[in-house]
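Novice: Dropping in protein19.csv, which is CSV, C-alpha atoms:
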```
chain,number,residue,atom,x,y,z
A,1,MET,CA,101.4,123.6,-103.8
A,2,ASN,CA,104.8,124.8,-102.8
A,3,GLU,CA,107.9,122.6,-102.3
A,4,ILE,CA,107.7,122.6,-98.5
A,5,ASN,CA,104.1,121.4,-98.6
A,6,GLN,CA,105.1,118.6,-101.0
A,7,GLN,CA,107.9,117.6,-98.7
A,8,LEU,CA,105.5,117.7,-95.7
A,9,ILE,CA,103.1,115.4,-97.4
A,10,LYS,CA,105.9,113.0,-98.4
A,11,PHE,CA,107.2,113.1,-94.8
A,12,ASN,CA,103.9,112.3,-93.1
A,13,GLN,CA,102.6,109.6,-95.3
A,14,LYS,CA,103.8,106.7,-93.2
A,15,LYS,CA,102.0,103.5,-94.0
A,16,ASP,CA,103.2,101.5,-91.0
A,17,PHE,CA,101.1,103.2,-88.4
A,18,LYS,CA,101.6,101.7,-85.0
A,19,GLU,CA,99.4,101.9,-81.9
A,20,ASP,CA,102.3,102.7,-79.6
A,21,ASP,CA,103.3,105.7,-81.8
A,22,PHE,CA,100.0,107.4,-81.2
A,23,PHE,CA,100.2,109.9,-78.4
A,24,VAL,CA,96.9,110.4,-76.5
A,25,SER,CA,96.2,113.8,-75.0
A,26,SER,CA,93.2,115.9,-74.2
A,27,SER,CA,93.1,117.0,-77.9
A,28,ASN,CA,92.3,113.5,-79.2
A,29,LYS,CA,91.4,111.4,-76.2
A,30,ALA,CA,87.6,111.5,-76.8
A,31,VAL,CA,88.1,110.1,-80.3
A,32,PHE,CA,90.7,107.5,-79.2
A,33,ASN,CA,88.5,106.2,-76.4
A,34,PHE,CA,85.4,106.0,-78.6
A,35,LEU,CA,87.1,103.9,-81.2
A,36,TYR,CA,88.1,101.4,-78.5
A,37,GLU,CA,84.5,101.1,-77.4
A,38,TRP,CA,83.6,99.3,-80.7
A,39,PRO,CA,81.2,97.6,-81.3
A,40,LYS,CA,79.3,99.2,-78.5
A,41,TRP,CA,78.5,102.3,-80.4
A,42,PRO,CA,75.1,103.9,-80.3
A,43,LYS,CA,75.2,104.2,-84.2
A,44,ASN,CA,77.1,102.4,-86.9
A,45,PHE,CA,78.2,105.6,-88.6
A,46,LEU,CA,81.0,107.8,-87.3
A,47,ASN,CA,82.6,111.0,-88.6
A,48,ILE,CA,86.1,112.0,-87.3
A,49,SER,CA,87.0,115.5,-88.3
A,50,GLY,CA,90.2,117.4,-87.7
A,51,GLU,CA,93.0,119.4,-89.3
A,52,HIS,CA,95.4,117.9,-91.7
A,53,TYR,CA,98.2,115.9,-89.9
A,54,SER,CA,96.0,115.7,-86.7
A,55,GLY,CA,96.3,111.9,-86.6
A,56,LYS,CA,93.0,110.8,-88.3
A,57,SER,CA,94.8,108.4,-90.6
A,58,HIS,CA,96.9,107.0,-87.8
A,59,LEU,CA,93.8,106.4,-85.6
A,60,THR,CA,91.8,104.7,-88.4
A,61,SER,CA,94.7,102.5,-89.4
A,62,VAL,CA,95.2,101.3,-85.9
A,63,PHE,CA,91.4,100.7,-85.7
A,64,ILE,CA,91.1,98.6,-88.8
A,65,ASN,CA,94.3,96.6,-87.9
A,66,LYS,CA,92.8,95.8,-84.5
A,67,TYR,CA,89.2,95.2,-85.4
A,68,LYS,CA,89.7,94.2,-89.1
A,69,GLY,CA,88.5,96.4,-91.9
A,70,ILE,CA,89.3,98.2,-95.2
A,71,LYS,CA,90.1,101.7,-96.0
A,72,PHE,CA,89.5,103.9,-99.1
A,73,ASN,CA,90.2,107.4,-100.2
A,74,ALA,CA,86.9,109.3,-100.7
A,75,ASN,CA,87.8,110.6,-104.2
A,76,GLU,CA,89.1,107.2,-105.4
A,77,LEU,CA,86.1,105.1,-104.3
A,78,ASN,CA,84.4,103.4,-107.2
A,79,ASN,CA,81.5,100.9,-107.9
A,80,ASP,CA,83.9,97.9,-107.7
A,81,ASP,CA,84.8,98.9,-104.2
A,82,LEU,CA,81.1,98.4,-103.2
A,83,ASP,CA,81.6,94.7,-103.9
A,84,ARG,CA,84.9,94.6,-102.0
A,85,ILE,CA,83.4,95.8,-98.7
A,86,LYS,CA,81.1,92.8,-98.5
A,87,ASN,CA,83.9,90.9,-96.8
A,88,TYR,CA,84.6,93.5,-94.1
A,89,GLN,CA,82.7,94.6,-91.0
A,90,ASN,CA,84.4,98.0,-90.7
A,91,ILE,CA,84.8,100.4,-93.6
A,92,VAL,CA,86.8,103.6,-93.5
A,93,ILE,CA,86.5,106.5,-96.0
A,94,GLU,CA,89.3,109.0,-95.7
A,95,ASP,CA,89.6,112.6,-96.8
A,96,PHE,CA,85.9,113.2,-97.3
A,97,ASN,CA,85.2,116.4,-99.2
A,98,LYS,CA,82.8,118.3,-101.5
A,99,GLU,CA,84.2,116.5,-104.6
A,100,VAL,CA,83.1,113.0,-103.7
A,101,ASN,CA,80.7,111.1,-105.9
A,102,GLU,CA,77.5,111.9,-104.0
A,103,ASN,CA,75.4,109.1,-105.4
A,104,LEU,CA,78.1,106.5,-104.8
A,105,ILE,CA,78.5,107.6,-101.2
A,106,TYR,CA,74.7,107.5,-100.7
A,107,THR,CA,74.7,103.9,-102.1
A,108,LEU,CA,77.6,103.0,-99.8
A,109,ILE,CA,75.8,104.3,-96.7
A,110,ASP,CA,72.6,102.4,-97.7
A,111,LEU,CA,74.6,99.2,-98.2
A,112,ILE,CA,76.4,99.5,-94.9
A,113,GLU,CA,73.1,100.1,-93.1
A,114,ARG,CA,71.3,97.2,-94.7
A,115,ASN,CA,74.2,94.8,-93.8
A,116,SER,CA,74.7,96.1,-90.3
A,117,LYS,CA,78.3,97.1,-91.0
A,118,TYR,CA,80.2,100.1,-89.6
A,119,LEU,CA,81.4,103.2,-91.4
A,120,ILE,CA,84.0,105.7,-90.4
A,121,ILE,CA,84.4,108.9,-92.5
A,122,THR,CA,87.3,111.2,-91.9
A,123,SER,CA,87.3,114.9,-92.9
A,124,VAL,CA,88.8,118.2,-92.2
A,125,VAL,CA,85.4,119.7,-91.2
A,126,PRO,CA,82.4,117.9,-89.9
A,127,ILE,CA,80.6,116.3,-92.8
A,128,VAL,CA,77.3,118.0,-91.9
A,129,ASN,CA,79.0,121.3,-92.7
A,130,ILE,CA,79.8,120.3,-96.2
A,131,ASN,CA,77.1,121.6,-98.6
A,132,PHE,CA,76.3,118.6,-100.9
A,133,ASN,CA,73.7,118.8,-103.7
A,134,LEU,CA,72.0,115.5,-103.0
A,135,ASN,CA,69.4,116.1,-100.3
A,136,ASP,CA,69.1,112.4,-99.5
A,137,LEU,CA,72.8,112.3,-98.8
A,138,LYS,CA,72.7,115.4,-96.6
A,139,SER,CA,69.9,113.7,-94.7
A,140,ARG,CA,71.8,110.5,-94.1
A,141,LEU,CA,74.9,112.4,-93.0
A,142,LYS,CA,72.9,113.9,-90.2
A,143,ASN,CA,72.7,110.4,-88.6
A,144,PHE,CA,76.5,110.2,-88.1
A,145,ILE,CA,78.1,110.4,-84.7
A,146,LEU,CA,80.3,113.5,-84.9
A,147,LEU,CA,83.7,113.6,-83.1
A,148,SER,CA,86.5,116.0,-83.7
A,149,ILE,CA,90.3,116.1,-83.0
A,150,LYS,CA,91.0,119.4,-81.3
A,151,ASN,CA,93.9,121.7,-81.8
A,152,PRO,CA,97.0,120.3,-80.1
A,153,ASP,CA,97.6,121.1,-76.5
A,154,ASP,CA,101.1,121.8,-75.1
A,155,GLU,CA,101.6,118.1,-74.1
A,156,LEU,CA,100.8,116.9,-77.5
A,157,ILE,CA,102.9,119.5,-79.3
A,158,PHE,CA,105.8,118.6,-77.1
A,159,ALA,CA,105.4,114.9,-77.9
A,160,LEU,CA,105.0,115.5,-81.7
A,161,ILE,CA,108.1,117.6,-81.9
A,162,LEU,CA,110.2,115.3,-79.8
A,163,LYS,CA,109.0,112.2,-81.6
A,164,ASN,CA,109.4,113.5,-85.2
A,165,LEU,CA,112.8,115.0,-84.6
A,166,SER,CA,113.9,111.7,-83.1
A,167,ASP,CA,112.6,109.9,-86.2
A,168,ARG,CA,115.0,112.2,-88.1
A,169,GLN,CA,117.9,111.3,-85.8
A,170,ILE,CA,117.8,114.7,-84.3
A,171,SER,CA,118.3,115.0,-80.5
A,172,LEU,CA,117.1,118.1,-78.9
A,173,ASP,CA,117.3,119.2,-75.3
A,174,LYS,CA,113.9,119.3,-73.6
A,175,LYS,CA,114.4,122.9,-72.6
A,176,LEU,CA,114.6,123.8,-76.3
A,177,VAL,CA,111.5,121.8,-77.0
A,178,ASP,CA,109.7,123.7,-74.2
A,179,PHE,CA,111.0,126.9,-75.7
A,180,ILE,CA,109.4,125.9,-79.1
A,181,VAL,CA,106.1,124.8,-77.5
A,182,LYS,CA,105.6,128.2,-75.9
A,183,ARG,CA,106.0,130.0,-79.2
A,184,ILE,CA,104.7,127.7,-82.0
A,185,HIS,CA,101.3,128.1,-83.6
A,186,ARG,CA,98.7,125.6,-82.3
A,187,SER,CA,98.3,123.9,-85.6
A,188,TYR,CA,99.3,120.4,-86.7
A,189,SER,CA,100.3,121.5,-90.1
A,190,LYS,CA,102.5,124.3,-88.6
A,191,ILE,CA,104.1,121.9,-86.3
A,192,PHE,CA,105.1,119.6,-89.1
A,193,GLU,CA,106.2,122.5,-91.3
A,194,PHE,CA,108.4,123.7,-88.4
A,195,ILE,CA,110.0,120.2,-88.1
A,196,TYR,CA,110.8,120.1,-91.8
A,197,LYS,CA,112.1,123.6,-91.9
A,198,ILE,CA,114.3,123.3,-88.9
A,199,ASP,CA,115.8,120.0,-90.1
A,200,GLU,CA,116.5,121.5,-93.5
A,201,LEU,CA,118.1,124.7,-92.1
A,202,SER,CA,120.3,122.7,-89.7
A,203,LEU,CA,121.5,120.5,-92.5
A,204,LYS,CA,122.2,123.4,-94.9
A,205,ARG,CA,124.2,125.2,-92.3
A,206,LYS,CA,125.8,122.1,-90.9
A,207,LYS,CA,125.0,123.3,-87.4
A,208,SER,CA,123.2,121.8,-84.5
A,209,ILE,CA,119.8,123.3,-83.6
A,210,ASN,CA,120.0,126.2,-81.2
A,211,VAL,CA,117.8,129.0,-80.0
A,212,LYS,CA,118.9,131.3,-82.9
A,213,ILE,CA,117.9,128.7,-85.5
A,214,ILE,CA,114.6,128.0,-83.7
A,215,LYS,CA,113.7,131.7,-83.6
A,216,GLU,CA,114.6,132.1,-87.3
A,217,VAL,CA,112.3,129.2,-88.3
A,218,LEU,CA,109.5,130.6,-86.0
A,219,GLY,CA,109.9,133.9,-87.7
A,220,GLU,CA,110.9,135.8,-84.6
```
Would you encode the structure as structure tokens?
Specialist:
Amino acid sequence: MNEINQQLIKFNQKKDFKEDDFFVSSSNKAVFNFLYEWPKWPKNFLNISGEHYSGKSHLTSVFINKYKGIKFNANELNNDDLDRIKNYQNIVIEDFNKEVNENLIYTLIDLIERNSKYLIITSVVPIVNINFNLNDLKSRLKNFILLSIKNPDDELIFALILKNLSDRQISLDKKLVDFIVKRIHRSYSKIFEFIYKIDELSLKRKKSINVKIIKEVLGE
């Protein structure tokens, strides 16, 4: 992992996720609205998929703060955690991937079903597209409601750039933000990479952000 990616991860791992900081657009509205329909879900199992930095952690953090719950990283889940979830109605497993303990996840799903709890799993790709070895697990994953956060639309890109630059005490004319929106790659990771790079370049050169710097960062 290169230095920029390390900085991006450090930059985006905010632990104080707030509901007001989440910008709803056509890219994420379906997931956002569904979460707020709890507990009137047709099933107790939900998978939210989406690109890195697409807001999955933000949404699930808001959810468990509002409706009470507990969150685990998929690769750090252990047998002791199965006892901990007994006190919670809503359980979130983040960053679900091929490397998870398949037997443990199967046991977790069974435990949640038997106790009428709710489980949300977040992943980059839909969990049914991950090729697990345990057939029983693959079968259970097919019972999940599958929702995905789409690539960001122009409205969301504009909001993300404006908000994250503002968090870095950078004020940018809205015409320049529009200029960026029309040219930047429709990817959450690319948006945050752009924010980091343009802040870094501006600081190094001790210059305010202008079209020339923007074009340089965009590779034009």
Novice: Have a look at A:Ile214, A:Ile91, A:Ile109, A:Leu201 and name the one nearest to Ser139 in chain A; count all atoms listed in the file.
Specialist: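 Counting all atoms listed in the file, the residue closest to Ser139 in chain A is A:Ile109.
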Novice: Smallest atom-to-atom distance to Ile120 in chain A: which of A:Ala30, A:Ile198, A:Leu77, A:Leu59, using all atoms listed in the file?
Specialist: A:Leu59
Novice: From the list A:Val177, A:Ile127, A:Ile93, A:Leu82, which residue is nearest Leu111 in chain A when using all atoms listed in the file?
Specialist: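 Comparing A:Val177, A:Ile127, A:Ile93, A:Leu82 against Leu111 in chain A, the winner is A:Leu82.
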Novice: Could you list, as a list in words, every residue within 12 Å of Glu200 in chain A, counting all atoms listed in the file and ignoring same-chain residues fewer than 2 positions away?
Specialist: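 Counting all atoms listed in the file, the residues come to Ile4, Gln7, Leu8, Leu165, Arg168, Ile170, Glu193, Phe194, Ile195, Tyr196, Lys197, Ile198, Ser202, Leu203, Lys204, Arg205, Lys206, Lys207, Ser208, Ile209, Ile213, Ile214 and Val217 of chain A.
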Novice: Figure out the distance between CA of Pro152 in chain A and CA of Ser26 in chain A, please, to one decimal in Å.
Specialist: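 Taking CA of Ser26 in chain A and CA of Pro152 in chain A, their separation equals 8.3 Å.
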Novice: Tell me which of A:Leu141, A:Leu146, A:Val124, A:Leu162 sits closest to Gly55 in chain A, counting only C-alpha atoms.
Specialist: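 Of A:Leu141, A:Leu146, A:Val124, A:Leu162, the one nearest Gly55 in chain A is A:Val124, counting only C-alpha atoms.
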